[in-house]
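Participant: This is the structure I have questions about; it appears just below.
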Amino acid sequence: MTHEFRFLKYHACGNDFILKDELQGAPTSDLERGRLARTLCRRRFQVGADGLLFVERAEGVDGSMRLFEPDGKEADMCGNGLRCVAAYLTEILHKDEVAVLTRDGTKRVVRRGELFTADMGVVRTGPSGLKGYLSVPSDGPDGPVRIDLCTPERHLEGYMVNTGEPHVVVFTDDLDGEDVARCGAMISKDYAKFPKATNVDFVQVAGPGEIRVRTYERGVFDETLACGTGATACAAVSLMLGRVNKGLVTVTTRGGQIMIVLGDDGRARMTGPATKVFEGSLVVAV
């Protein structure tokens, strides 16, 4: 089948997306969306991106966000993608606040200049918050779930939470020296522990209110320059374990900075940029 359409390219701290507006007319089928993602996200051979965003109509909100990753599967949630969709909707709707429906519920995003603040919801912890993502007993204490991780070279300790996407957080004293793509892939694909695979974040504490993060994303099969749900997970785990002081946490990724605030109610708020890079049109057969 041949597809001809206009698209926009956005990035949020280097985490880049192709965005297709389907607010009007019939939406593309999910089968074709998956095929398009596998084709268009291929770097050097196509437009290239970490994912393909579809913005469509939904009752009671300004738009619905659907993200299909390079493997053709739909992601559960994407914090950076959410900010990109909010950047697009605030521009075309001439609004400073929008409500975006995701697979993880409705998220409200406020624009202030070039920055976007999103209510990411409650960070889910404990075995009940990781149901379906982690093979553990159904009962256990609340808080990040500690997991023993084994690679051929060393034993690691991880902490898992759910921020709309499952994330395993690993603390390190040498972030630059970590082989994130290789080690992340080994951990992510341990299907005995993680039936649906998992995102893996390596974190180095850089100060009382700052952490540095590198993330392996399960649907991209590689390290990305930033991850919004990952930044949220890393800040939340760092706060819950007392690795950083209470208050705003600055998360420095390879593509830029994201600010996270974790409320007393467990709700996380994420603030960061989202930038339109270019727009164009294409014809592709998939």
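Labels used: A, B, ... for chains in the order of the structure tokens, numbers from 1 for residues in each chain, and numbers from 1 for ligands as shown.
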Got a sec: who's within 7 Å of Asp96 of chain A, counting only C-alpha atoms, leaving out chain neighbours fewer than 2 positions off, as a list in words?
Facilitator: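 My list of contacting residues is Thr90, His94, Val98, Val110 and Arg111 of chain A.
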Participant: Find the spatial neighbours of segment 160-167 of chain A, counting only C-alpha atoms, within a cut-off of 9 Å - ignore same-chain residues fewer than 5 positions away - and output them as an MDAnalysis selection string.
Facilitator: chainID A and resid 75:79 103:105 120:126 129:130 133:134 143:147 197:201 229:230 232:234 236:237 268
Participant: Please dump the current selection as a tab-separated table (two decimals), in the first residue's frame; keep N, CA and C atoms.
Facilitator:
chain	number	residue	atom	x	y	z
A	75	ALA	N	3.85	1.95	21.89
A	75	ALA	CA	4.39	2.18	23.22
A	75	ALA	C	3.25	2.45	24.20
A	76	ASP	N	3.49	2.13	25.46
A	76	ASP	CA	2.49	2.40	26.48
A	76	ASP	C	2.41	3.90	26.79
A	77	MET	N	3.56	4.57	26.79
A	77	MET	CA	3.61	5.98	27.15
A	77	MET	C	4.95	6.53	26.69
A	78	CYS	N	5.05	7.84	26.54
A	78	CYS	CA	6.30	8.49	26.15
A	78	CYS	C	6.25	9.94	26.62
A	79	GLY	N	7.10	10.28	27.59
A	79	GLY	CA	7.09	11.63	28.14
A	79	GLY	C	7.57	12.68	27.16
A	103	ARG	N	-2.20	6.13	26.26
A	103	ARG	CA	-2.57	4.80	26.75
A	103	ARG	C	-2.44	4.71	28.26
A	104	ASP	N	-1.80	5.70	28.86
A	104	ASP	CA	-1.64	5.76	30.31
A	104	ASP	C	-2.57	6.80	30.92
A	105	GLY	N	-3.63	7.13	30.21
A	105	GLY	CA	-4.59	8.09	30.72
A	105	GLY	C	-4.39	9.48	30.14
A	120	MET	N	2.60	13.83	34.95
A	120	MET	CA	2.86	12.45	34.54
A	120	MET	C	2.08	11.43	35.36
A	121	GLY	N	1.32	11.90	36.35
A	121	GLY	CA	0.54	10.99	37.17
A	121	GLY	C	1.38	10.41	38.30
A	122	VAL	N	0.77	9.50	39.03
A	122	VAL	CA	1.43	8.88	40.17
A	122	VAL	C	2.46	7.86	39.70
A	123	VAL	N	3.65	7.93	40.26
A	123	VAL	CA	4.68	6.93	39.97
A	123	VAL	C	4.28	5.64	40.68
A	124	ARG	N	4.10	4.58	39.91
A	124	ARG	CA	3.63	3.32	40.47
A	124	ARG	C	4.81	2.48	40.96
A	125	THR	N	4.69	1.98	42.17
A	125	THR	CA	5.76	1.24	42.81
A	125	THR	C	5.22	-0.06	43.39
A	126	GLY	N	6.14	-0.85	43.93
A	126	GLY	CA	5.73	-2.11	44.52
A	126	GLY	C	5.28	-3.10	43.46
A	129	GLY	N	2.21	-2.21	41.32
A	129	GLY	CA	2.40	-1.19	40.30
A	129	GLY	C	3.15	-1.67	39.09
A	130	LEU	N	3.73	-2.86	39.18
A	130	LEU	CA	4.52	-3.41	38.08
A	130	LEU	C	3.88	-4.66	37.49
A	133	TYR	N	4.68	-6.38	34.08
A	133	TYR	CA	6.01	-5.98	33.64
A	133	TYR	C	7.12	-6.75	34.35
A	134	LEU	N	6.82	-7.28	35.53
A	134	LEU	CA	7.85	-7.92	36.34
A	134	LEU	C	7.32	-9.23	36.92
A	143	GLY	N	7.14	1.03	47.21
A	143	GLY	CA	8.43	1.62	46.91
A	143	GLY	C	9.06	0.95	45.71
A	144	PRO	N	10.20	1.47	45.25
A	144	PRO	CA	10.88	0.84	44.11
A	144	PRO	C	11.21	-0.62	44.43
A	145	VAL	N	10.98	-1.48	43.48
A	145	VAL	CA	11.26	-2.91	43.67
A	145	VAL	C	12.72	-3.18	43.36
A	146	ARG	N	13.46	-3.68	44.34
A	146	ARG	CA	14.88	-3.98	44.14
A	146	ARG	C	15.01	-5.29	43.39
A	147	ILE	N	15.89	-5.30	42.39
A	147	ILE	CA	16.07	-6.47	41.53
A	147	ILE	C	17.56	-6.74	41.36
A	197	ALA	N	9.82	-7.12	28.26
A	197	ALA	CA	11.06	-6.35	28.19
A	197	ALA	C	10.91	-5.10	29.06
A	198	THR	N	11.99	-4.36	29.24
A	198	THR	CA	11.93	-3.17	30.08
A	198	THR	C	12.91	-2.12	29.59
A	199	ASN	N	12.65	-0.89	29.93
A	199	ASN	CA	13.62	0.18	29.71
A	199	ASN	C	14.64	0.14	30.85
A	200	VAL	N	15.88	0.51	30.54
A	200	VAL	CA	16.95	0.44	31.52
A	200	VAL	C	17.65	1.80	31.59
A	201	ASP	N	17.74	2.35	32.79
A	201	ASP	CA	18.35	3.67	33.00
A	201	ASP	C	19.57	3.55	33.89
A	229	THR	N	9.82	9.44	30.32
A	229	THR	CA	9.39	8.54	31.38
A	229	THR	C	10.60	8.03	32.16
A	230	GLY	N	11.75	7.91	31.48
A	230	GLY	CA	12.97	7.48	32.15
A	230	GLY	C	13.49	8.54	33.11
A	232	THR	N	11.70	10.74	34.59
A	232	THR	CA	10.76	10.74	35.70
A	232	THR	C	11.05	9.59	36.65
A	233	ALA	N	11.30	8.40	36.09
A	233	ALA	CA	11.59	7.23	36.92
A	233	ALA	C	12.88	7.41	37.71
A	234	CYS	N	13.92	7.92	37.06
A	234	CYS	CA	15.22	8.08	37.72
A	234	CYS	C	15.15	9.10	38.85
A	236	ALA	N	12.42	9.96	40.50
A	236	ALA	CA	11.56	9.41	41.55
A	236	ALA	C	12.31	8.40	42.41
A	237	VAL	N	13.04	7.50	41.78
A	237	VAL	CA	13.79	6.49	42.54
A	237	VAL	C	14.87	7.18	43.38
A	268	ALA	N	4.16	12.95	39.70
A	268	ALA	CA	5.36	13.56	39.14
A	268	ALA	C	4.99	14.59	38.09
Participant: Could you go through segment 29-231 of chain A and tell me which residues DSSP, when run on the backbone, assigns to strand (DSSP E), listing them as a ChimeraX atom specification?
Facilitator: /A:51-56,63-68,97-102,105-112,115-122,145-150,155-162,166-171,199-207,210-217,222-224
Participant: Please list as a VMD selection string every residue within 12 Å of Gln257 of chain A, counting only C-alpha atoms and excluding residues in the same chain fewer than 6 positions away.
Facilitator: chain A and resid 12 to 15 80 115 210 to 214 225 to 228 231 to 232 249 to 251 270 to 274
Participant: Please extract the residues of segment 31-177 of chain A with a backbone DSSP assignment of helix (DSSP H, G or I) and present them as a VMD selection string.
Facilitator: chain A and resid 31 to 40 79 to 93 126 to 129 175 to 177
Participant: In Å, rounded to a single decimal, give me how far atom CA of Arg6 of chain A is from atom CA of Glu279 of chain A.
Facilitator: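 Rounded to one decimal, the two atoms are 7.4 Å apart.
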Participant: Residues at most 9 Å from Pro208 of chain A, counting only C-alpha atoms, excluding those fewer than 3 positions away in the same chain, as a PDB file with N, CA and C atoms, in the first residue's frame?
Facilitator:
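This is the output file selection.pdb:
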ATOM      1  N   VAL A 205      24.568  10.225  40.402  1.00  0.00           N
ATOM      2  CA  VAL A 205      24.191  11.405  41.178  1.00  0.00           C
ATOM      3  C   VAL A 205      25.270  12.463  40.984  1.00  0.00           C
ATOM      4  N   ILE A 211      20.900  14.722  38.808  1.00  0.00           N
ATOM      5  CA  ILE A 211      21.375  13.416  38.394  1.00  0.00           C
ATOM      6  C   ILE A 211      21.665  13.437  36.900  1.00  0.00           C
ATOM      7  N   ARG A 243      18.786   9.504  47.591  1.00  0.00           N
ATOM      8  CA  ARG A 243      20.053   9.786  46.900  1.00  0.00           C
ATOM      9  C   ARG A 243      20.185  11.268  46.570  1.00  0.00           C
ATOM     10  N   VAL A 244      19.067  11.995  46.500  1.00  0.00           N
ATOM     11  CA  VAL A 244      19.064  13.440  46.272  1.00  0.00           C
ATOM     12  C   VAL A 244      18.122  14.080  47.282  1.00  0.00           C
ATOM     13  N   ASN A 245      18.255  15.388  47.441  1.00  0.00           N
ATOM     14  CA  ASN A 245      17.395  16.109  48.379  1.00  0.00           C
ATOM     15  C   ASN A 245      15.983  16.260  47.829  1.00  0.00           C
ATOM     16  N   LYS A 246      15.034  16.430  48.730  1.00  0.00           N
ATOM     17  CA  LYS A 246      13.655  16.668  48.318  1.00  0.00           C
ATOM     18  C   LYS A 246      13.558  17.973  47.547  1.00  0.00           C
ATOM     19  N   VAL A 249      14.329  18.056  40.933  1.00  0.00           N
ATOM     20  CA  VAL A 249      15.501  17.297  40.508  1.00  0.00           C
ATOM     21  C   VAL A 249      15.783  17.623  39.049  1.00  0.00           C
TER      22      VAL A 249
END
Participant: Can you pull out the residues contacting segment 22-26 of chain A? Cut-off 6 Å, using only C-alpha atoms, and skip same-chain residues under 5 positions away; I want them as a list in words.
Facilitator: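 Listed by chain and then number, they are Val55, Glu56 and Arg57 of chain A.
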Participant: Rank A:Thr39, A:Phe68, A:Asp179, A:Phe202 by their smallest atom-to-atom distance to Leu53 of chain A, using only C-alpha atoms, and report the top residue only.
Facilitator: A:Phe68
Participant: Using only C-alpha atoms, which residue out of A:Asp174, A:Val169, A:Phe278, A:Phe54 lies closest to Ala235 of chain A?
Facilitator: A:Val169
Participant: Find the distance between atom CA of Lys9 of chain A and atom CA of Phe45 of chain A and write it in Å to one decimal.
Facilitator: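 For atom CA of Lys9 of chain A relative to atom CA of Phe45 of chain A, the distance reads 15.9 Å.
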Participant: I'd like the contact shell of Val47 of chain A - 10 Å cut-off, only C-alpha atoms, skipping same-chain residues fewer than 2 positions apart - returned as a ChimeraX atom specification.
Facilitator: /A:9,17-18,39-45,49,282
Participant: Write to file, as a PDB file, in the first residue's frame, the residues of the selection just made, with C-alpha atoms.
Facilitator:
ATOM      1  CA  LYS A   9       9.622  16.326  12.754  1.00  0.00           C
ATOM      2  CA  PHE A  17       9.759  11.832  16.430  1.00  0.00           C
ATOM      3  CA  ILE A  18       7.857  11.943  13.170  1.00  0.00           C
ATOM      4  CA  THR A  39       9.860   1.864   7.597  1.00  0.00           C
ATOM      5  CA  LEU A  40      10.053   5.584   8.416  1.00  0.00           C
ATOM      6  CA  CYS A  41      12.070   5.334  11.636  1.00  0.00           C
ATOM      7  CA  ARG A  42      15.043   3.708   9.894  1.00  0.00           C
ATOM      8  CA  ARG A  43      17.901   6.168  10.096  1.00  0.00           C
ATOM      9  CA  ARG A  44      19.949   6.840   6.935  1.00  0.00           C
ATOM     10  CA  PHE A  45      17.382   4.961   4.827  1.00  0.00           C
ATOM     11  CA  ALA A  49      13.261   8.819  14.289  1.00  0.00           C
ATOM     12  CA  LEU A 282       6.498  11.990   1.540  1.00  0.00           C
TER      13      LEU A 282
END
Participant: Just the residues within 12 Å of Leu31 of chain A, please, counting only C-alpha atoms, with nothing from its chain fewer than 2 positions along; format it as a list in words.
Facilitator: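 Once the nearby chain positions are removed, what remains is Met1, Pro27, Thr28, Ser29, Arg33, Gly34, Arg35, Leu36, Ala37, Arg38, Phe68, Gly72, Lys73, Glu74 and Val286 of chain A.
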Participant: Please report the interatomic distance between atom CA of Phe5 of chain A and atom CA of Thr102 of chain A in Å with one decimal.
Facilitator: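 Answer for the atom CA of Phe5 of chain A to atom CA of Thr102 of chain A separation: 23.1 Å.
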Participant: Compare A:Leu241, A:Asp16, A:Asp21, A:Pro127 by their minimum atom-to-atom distance to Ile92 of chain A, counting only C-alpha atoms, and give me the closest one.
Facilitator: A:Asp21
Participant: Return the single residue from A:Gly263, A:Thr275, A:Val284, A:Gly132 that is closest to Ala86 of chain A, with distances computed using only C-alpha atoms.
Facilitator: A:Thr275
